[in-house]
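Trainee: Pasting entry-v4.txt below, which is compact mmCIF, C-alpha atoms.
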# COMPACT_ATOMS: atom_id res chain seq x y z
CA MET H 1 -34.96 15.86 57.25
CA LYS H 2 -36.94 13.42 55.10
CA PHE H 3 -37.16 16.04 52.32
CA LEU H 4 -33.39 16.66 52.42
CA PHE H 5 -32.75 12.90 52.24
CA LEU H 6 -34.98 12.55 49.16
CA GLU H 7 -33.35 15.58 47.52
CA ALA H 8 -29.87 14.10 48.07
CA LYS H 9 -31.06 10.77 46.66
CA VAL H 10 -32.40 12.47 43.50
CA ARG H 11 -29.14 14.40 43.00
CA LYS H 12 -27.21 11.12 43.30
CA LYS H 13 -29.38 9.47 40.62
CA VAL H 14 -28.98 12.47 38.30
CA LEU H 15 -25.20 12.34 38.80
CA ILE H 16 -25.09 8.61 38.01
CA LEU H 17 -27.21 9.11 34.87
CA SER H 18 -24.98 12.00 33.75
CA ILE H 19 -21.83 9.92 34.17
CA ALA H 20 -23.41 7.02 32.26
CA LEU H 21 -24.47 9.36 29.44
CA LEU H 22 -21.01 10.91 29.15
CA THR H 23 -19.42 7.46 29.10
CA PHE H 24 -21.78 6.36 26.32
CA ILE H 25 -21.00 9.46 24.23
CA SER H 26 -17.28 8.91 24.77
CA ILE H 27 -17.55 5.30 23.55
CA LEU H 28 -19.44 6.41 20.44
CA SER H 29 -16.83 9.07 19.69
CA SER H 30 -13.94 6.64 20.06
CA CYS H 31 -15.68 4.18 17.73
CA LYS H 32 -16.01 6.86 15.09
CA ARG H 33 -12.30 7.65 15.30
CA VAL H 34 -11.41 4.01 14.69
CA GLN H 35 -13.34 4.07 11.40
CA ARG H 36 -10.78 6.05 9.38
CA ASP H 37 -11.77 8.05 6.33
CA PRO H 38 -10.37 6.16 3.30
CA ASN H 39 -9.16 9.50 1.96
CA ASP H 40 -6.70 9.84 4.88
CA ILE H 41 -4.57 7.00 3.55
CA THR H 42 -5.05 7.66 -0.16
CA ASN H 43 -4.10 11.31 0.26
CA PHE H 44 -0.95 10.29 2.13
CA LEU H 45 -0.01 7.86 -0.65
CA LYS H 46 -0.69 10.43 -3.37
CA ASP H 47 1.66 12.86 -1.62
CA LEU H 48 4.62 10.42 -1.67
CA LYS H 49 7.51 12.04 -3.53
CA ASN H 50 9.98 9.21 -3.05
CA TYR H 51 10.34 5.83 -1.38
CA SER H 52 12.52 2.75 -1.17
CA THR H 53 11.51 -0.77 -0.22
CA ASP H 54 12.58 -4.40 -0.33
CA PHE H 55 10.14 -6.60 -2.20
CA THR H 56 9.37 -10.25 -2.81
CA MET H 57 7.13 -11.21 -5.71
CA ASP H 58 5.52 -14.66 -5.83
CA ILE H 59 4.13 -15.48 -9.29
CA LYS H 60 1.74 -18.42 -9.18
CA ASN H 61 0.60 -20.68 -11.99
CA ASP H 62 -1.00 -24.11 -12.08
CA LYS H 63 2.35 -25.89 -11.71
CA GLN H 64 4.67 -23.78 -9.58
CA VAL H 65 5.45 -20.55 -7.75
CA VAL H 66 8.24 -18.40 -9.20
CA VAL H 67 9.87 -16.04 -6.68
CA HIS H 68 11.64 -12.75 -7.49
CA GLU H 69 13.36 -10.68 -4.80
CA GLY H 70 14.94 -7.25 -4.94
CA LYS H 71 14.92 -3.65 -3.85
CA GLN H 72 13.19 -0.76 -5.57
CA TYR H 73 13.49 3.01 -5.41
CA TYR H 74 11.19 5.74 -6.65
CA LYS H 75 11.86 9.47 -6.88
CA LYS H 76 9.39 11.84 -8.50
CA GLY H 77 10.81 13.26 -11.73
CA GLN H 78 13.62 10.68 -11.77
CA GLY H 79 11.82 7.37 -12.32
CA TYR H 80 12.33 3.92 -10.79
CA ARG H 81 15.35 1.83 -9.91
CA VAL H 82 15.18 -1.94 -9.32
CA GLU H 83 18.11 -3.93 -7.92
CA LEU H 84 18.07 -7.72 -8.12
CA ASN H 85 20.52 -9.08 -5.57
CA LYS H 86 23.12 -6.58 -6.82
CA ASP H 87 23.51 -8.75 -9.96
CA ARG H 88 21.34 -6.56 -12.19
CA VAL H 89 20.11 -2.98 -11.96
CA PHE H 90 17.14 -1.63 -13.94
CA LEU H 91 16.54 2.11 -14.39
CA TYR H 92 13.07 3.04 -15.66
CA LYS H 93 13.10 6.45 -17.30
CA SER H 94 10.42 7.79 -19.62
CA ASP H 95 9.91 5.15 -22.33
CA LYS H 96 13.19 3.27 -21.80
CA ILE H 97 14.65 0.72 -19.38
CA TYR H 98 18.40 0.91 -18.84
CA VAL H 99 19.83 -2.40 -17.66
CA ASN H 100 23.20 -2.89 -16.00
CA ASP H 101 24.15 -6.56 -15.80
CA VAL H 102 26.72 -6.09 -13.05
CA LYS H 103 27.56 -9.78 -12.80
CA ASN H 104 28.53 -10.05 -16.47
CA ASN H 105 29.71 -6.44 -16.87
CA PHE H 106 27.23 -5.74 -19.65
CA LYS H 107 24.81 -2.83 -20.26
CA TYR H 108 21.87 -2.58 -22.64
CA THR H 109 18.62 -0.66 -23.22
CA LEU H 110 15.07 -1.98 -23.55
CA ASP H 111 11.78 -0.46 -24.57
CA LYS H 112 9.51 0.17 -21.56
CA ASP H 113 6.88 -2.25 -22.90
CA PHE H 114 9.41 -5.09 -22.80
CA ASP H 115 9.00 -5.47 -19.03
CA ASN H 116 5.79 -7.09 -17.84
CA ILE H 117 7.22 -8.46 -14.59
CA TYR H 118 8.91 -5.92 -12.34
CA ARG H 119 6.79 -2.94 -13.35
CA ILE H 120 3.80 -4.55 -11.66
CA THR H 121 5.61 -4.27 -8.30
CA PHE H 122 5.87 -0.46 -8.45
CA VAL H 123 3.70 1.02 -5.69
CA GLU H 124 3.57 4.35 -7.51
CA GLN H 125 1.81 2.69 -10.45
CA TYR H 126 -1.08 1.76 -8.17
CA ILE H 127 -1.09 5.15 -6.45
CA ASN H 128 -1.56 6.79 -9.86
CA MET H 129 -4.58 4.57 -10.45
CA LEU H 130 -6.30 6.07 -7.39
CA SER H 131 -6.84 9.30 -9.34
CA THR H 132 -7.81 7.74 -12.67
CA ASN H 133 -9.57 4.50 -11.75
CA GLU H 134 -13.33 4.87 -11.24
CA GLY H 135 -13.71 1.32 -9.95
CA VAL H 136 -11.77 1.81 -6.70
CA LYS H 137 -13.23 -0.13 -3.76
CA TYR H 138 -12.30 0.14 -0.08
CA ASP H 139 -12.53 -2.36 2.74
CA TYR H 140 -10.92 -3.04 6.13
CA LYS H 141 -9.40 -6.22 7.51
CA THR H 142 -7.53 -7.29 10.64
CA ILE H 143 -4.66 -9.75 10.11
CA GLU H 144 -2.60 -11.05 13.03
CA GLY H 145 -3.63 -8.10 15.19
CA LYS H 146 -2.85 -5.45 12.56
CA ASN H 147 -5.51 -3.33 10.87
CA TYR H 148 -5.36 -2.84 7.12
CA GLN H 149 -7.21 -0.75 4.61
CA LEU H 150 -7.78 -2.77 1.43
CA ILE H 151 -7.78 -0.79 -1.81
CA GLU H 152 -9.08 -2.72 -4.79
CA LEU H 153 -8.25 -1.46 -8.29
CA ILE H 154 -8.98 -2.61 -11.82
CA ILE H 155 -5.66 -2.77 -13.71
CA PRO H 156 -5.89 -0.66 -16.90
CA GLY H 157 -4.78 -2.70 -19.89
CA GLY H 158 -4.57 -5.79 -17.70
CA THR H 159 -4.52 -9.29 -19.12
CA ARG H 160 -6.54 -12.39 -18.27
CA GLU H 161 -3.88 -13.12 -15.63
CA THR H 162 -3.74 -9.57 -14.22
CA ASP H 163 -7.31 -8.30 -14.02
CA LYS H 164 -7.35 -6.48 -10.68
CA ALA H 165 -5.14 -5.73 -7.68
CA VAL H 166 -5.76 -5.30 -3.95
CA MET H 167 -3.32 -3.18 -1.95
CA TYR H 168 -3.07 -3.87 1.80
CA VAL H 169 -2.14 -0.65 3.62
CA ASN H 170 -1.33 -0.64 7.34
CA THR H 171 -3.76 1.84 8.94
CA LYS H 172 -1.21 2.78 11.60
CA THR H 173 1.77 3.55 9.34
CA TYR H 174 -0.21 4.38 6.15
CA LEU H 175 2.33 2.23 4.27
CA PRO H 176 1.59 -0.67 1.88
CA GLU H 177 2.64 -4.15 3.00
CA TRP H 178 1.16 -6.30 0.23
CA ILE H 179 -0.30 -6.09 -3.23
CA ILE H 180 -2.19 -9.13 -4.49
CA VAL H 181 -3.00 -9.42 -8.19
CA TYR H 182 -5.96 -11.55 -9.32
CA ASP H 183 -6.89 -12.99 -12.69
CA GLU H 184 -10.26 -12.61 -14.40
CA ASN H 185 -11.57 -15.61 -12.45
CA ASN H 186 -10.63 -13.94 -9.14
CA ARG H 187 -7.76 -16.36 -8.49
CA GLU H 188 -4.61 -15.05 -6.80
CA ARG H 189 -1.81 -14.94 -9.37
CA ILE H 190 0.82 -12.58 -7.94
CA LYS H 191 1.60 -11.61 -4.35
CA ILE H 192 4.04 -8.76 -3.73
CA THR H 193 5.33 -8.33 -0.17
CA TYR H 194 7.02 -5.07 0.88
CA LYS H 195 9.48 -4.80 3.75
CA ASN H 196 11.55 -1.89 5.14
CA PHE H 197 9.37 0.66 3.34
CA GLN H 198 11.02 4.08 3.74
CA CYS H 199 9.76 7.50 2.60
CA GLU H 200 13.02 9.37 3.18
CA GLU H 201 14.89 11.52 0.65
CA ILE H 202 16.74 9.52 -2.02
CA ASP H 203 20.01 10.50 -3.69
CA SER H 204 19.31 11.45 -7.33
CA LYS H 205 22.60 9.84 -8.33
CA LEU H 206 20.94 6.44 -7.97
CA PHE H 207 18.98 7.28 -11.12
CA ASN H 208 21.94 8.40 -13.22
CA ILE H 209 22.59 6.53 -16.44
CA ASP H 210 26.34 5.82 -16.47
Could you rewrite the structure in this file as structure tokens?

Mentor:
Amino acid sequence: MKFLFLEAKVRKKVLILSIALLTFISILSSCKRVQRDPNDITNFLKDLKNYSTDFTMDIKNDKQVVVHEGKQYYKKGQGYRVELNKDRVFLYKSDKIYVNDVKNNFKYTLDKDFDNIYRITFVEQYINMLSTNEGVKYDYKTIEGKNYQLIELIIPGGTRETDKAVMYVNTKTYLPEWIIVYDENNRERIKITYKNFQCEEIDSKLFNID
């Protein structure tokens, strides 16, 4: 009887140790899943064929903050469309920008290099840098209970005011929510906030030049 009691006691200890070991392994596995591979998000972004989003751009200088608001569309092979409160519409195609001043019923064409404001809000511009920019850095940050992957990029051909950019991508949705542009002294100069980011099919007619 004493032997059977000891045997049962040993089996109980082995069972407890086994459960503890399995629990420990499970915790380790779950921790590894939380640490996403940076390529998961970048590959998703690279595969985007079209998107639409509302945006707010805050441009900061030593005296004031200038705010621009609008909506932008992107469709692969068609270009970009920017709407500013329905008053003006910009179509970016190849090396030209086609502007429709709806408010004043006036249309005109600009060279692509004329715009140094709205182009910097285009998410696709930063996505393209992921394949060509060797200085890409990745980090993770939690803000107000949301987890973000931070993608830092050197801006090719940037100026003293636009040296690098950091894209904040929600790790749950894989969608960008902010892009912050810094100057050469690492001071925040431009903050672009994206809302209602959609990856659904977009009507090609939106990119027609009337």

Trainee: Restrict the calculation to only C-alpha atoms, then for each residue of segment 40-118 of chain H with any atom at most 12 Å from an atom of segment 192-206 of chain H give the closest atom pair and their distance in Å to one decimal, rows by chain and rising residue number, as CSV.

Mentor:
residue,atom,partner,partner_atom,distance
H:Phe44,CA,H:Cys199,CA,11.1
H:Leu45,CA,H:Cys199,CA,10.3
H:Asp47,CA,H:Cys199,CA,10.6
H:Leu48,CA,H:Cys199,CA,7.3
H:Lys49,CA,H:Cys199,CA,8.0
H:Asn50,CA,H:Cys199,CA,5.9
H:Tyr51,CA,H:Cys199,CA,4.4
H:Ser52,CA,H:Gln198,CA,5.3
H:Thr53,CA,H:Phe197,CA,4.4
H:Asp54,CA,H:Lys195,CA,5.1
H:Phe55,CA,H:Tyr194,CA,4.6
H:Thr56,CA,H:Thr193,CA,5.2
H:Met57,CA,H:Ile192,CA,4.4
H:Asp58,CA,H:Ile192,CA,6.4
H:Ile59,CA,H:Ile192,CA,8.7
H:Lys60,CA,H:Ile192,CA,11.3
H:Val66,CA,H:Ile192,CA,11.9
H:Val67,CA,H:Ile192,CA,9.8
H:His68,CA,H:Ile192,CA,9.4
H:Glu69,CA,H:Thr193,CA,9.6
H:Gly70,CA,H:Tyr194,CA,10.1
H:Lys71,CA,H:Tyr194,CA,9.3
H:Gln72,CA,H:Phe197,CA,9.8
H:Tyr73,CA,H:Ile202,CA,8.0
H:Tyr74,CA,H:Ile202,CA,8.2
H:Lys75,CA,H:Ile202,CA,6.9
H:Lys76,CA,H:Ser204,CA,10.0
H:Gly77,CA,H:Ser204,CA,9.7
H:Gln78,CA,H:Ser204,CA,7.3
H:Gly79,CA,H:Ser204,CA,9.9
H:Tyr80,CA,H:Leu206,CA,9.4
H:Arg81,CA,H:Leu206,CA,7.5
H:Val82,CA,H:Leu206,CA,10.3
H:Glu83,CA,H:Leu206,CA,10.7
H:Val89,CA,H:Leu206,CA,10.3
H:Phe90,CA,H:Leu206,CA,10.7
H:Leu91,CA,H:Leu206,CA,8.9
H:Tyr92,CA,H:Leu206,CA,11.5
H:Ile117,CA,H:Ile192,CA,11.3
H:Tyr118,CA,H:Ile192,CA,10.3

Trainee: So that I have them on file, write out the residues from the current selection with C-alpha atoms, as a short mmCIF file (atom, residue, chain, number, x, y, z; two decimals), in the frame of the given file.

Mentor:
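So the final result, stored in part.cif, reads:
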data_model
loop_
_atom_site.label_atom_id
_atom_site.label_comp_id
_atom_site.auth_asym_id
_atom_site.auth_seq_id
_atom_site.Cartn_x
_atom_site.Cartn_y
_atom_site.Cartn_z
CA PHE H 44 -0.95 10.29 2.13
CA LEU H 45 -0.01 7.86 -0.65
CA ASP H 47 1.66 12.86 -1.62
CA LEU H 48 4.62 10.42 -1.67
CA LYS H 49 7.51 12.04 -3.53
CA ASN H 50 9.98 9.21 -3.05
CA TYR H 51 10.34 5.83 -1.38
CA SER H 52 12.52 2.75 -1.17
CA THR H 53 11.51 -0.77 -0.22
CA ASP H 54 12.58 -4.40 -0.33
CA PHE H 55 10.14 -6.60 -2.20
CA THR H 56 9.37 -10.25 -2.81
CA MET H 57 7.13 -11.21 -5.71
CA ASP H 58 5.52 -14.66 -5.83
CA ILE H 59 4.13 -15.48 -9.29
CA LYS H 60 1.74 -18.42 -9.18
CA VAL H 66 8.24 -18.40 -9.20
CA VAL H 67 9.87 -16.04 -6.68
CA HIS H 68 11.64 -12.75 -7.49
CA GLU H 69 13.36 -10.68 -4.80
CA GLY H 70 14.94 -7.25 -4.94
CA LYS H 71 14.92 -3.65 -3.85
CA GLN H 72 13.19 -0.76 -5.57
CA TYR H 73 13.49 3.01 -5.41
CA TYR H 74 11.19 5.74 -6.65
CA LYS H 75 11.86 9.47 -6.88
CA LYS H 76 9.39 11.84 -8.50
CA GLY H 77 10.81 13.26 -11.73
CA GLN H 78 13.62 10.68 -11.77
CA GLY H 79 11.82 7.37 -12.32
CA TYR H 80 12.33 3.92 -10.79
CA ARG H 81 15.35 1.83 -9.91
CA VAL H 82 15.18 -1.94 -9.32
CA GLU H 83 18.11 -3.93 -7.92
CA VAL H 89 20.11 -2.98 -11.96
CA PHE H 90 17.14 -1.63 -13.94
CA LEU H 91 16.54 2.11 -14.39
CA TYR H 92 13.07 3.04 -15.66
CA ILE H 117 7.22 -8.46 -14.59
CA TYR H 118 8.91 -5.92 -12.34
#

Trainee: Restricting the calculation to all atoms listed in the file, which member of H:Gln149, H:Asn186, H:Asn105, H:Asn100 is positioned closest to Thr162 of chain H?

Mentor: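 Among the listed residues, H:Asn186 lies closest to Thr162 of chain H.
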
Trainee: Grab the atom CA of Asn39 of chain H to atom CA of Leu130 of chain H distance for me, in Å with one decimal place.

Mentor: 10.4 Å

Trainee: Excluding Tyr138 of chain H and any residue of its chain fewer than 6 positions from it, enumerate the residues within 9 Å of it, using only C-alpha atoms, and give them as a PyMOL selection string.

Mentor: chain H and resi 38+149-152

Trainee: Let me have the centre and edge lengths in Å, one decimal, of the box along x, y and z around every listed atom of segment 170-175 of chain H with 8 Å of margin on each side, as AutoDock Vina command-line options.

Mentor:
--center_x -0.7 --center_y 1.9 --center_z 7.9 --size_x 22.1 --size_y 21.0 --size_z 23.3

Trainee: I need the residue nearest Asp163 of chain H from this list: H:Thr132, H:Asn147, H:Asn185, H:Thr121. Use only C-alpha atoms for the distance.

Mentor: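 Using only C-alpha atoms, Asp163 of chain H sits closest to H:Asn185.
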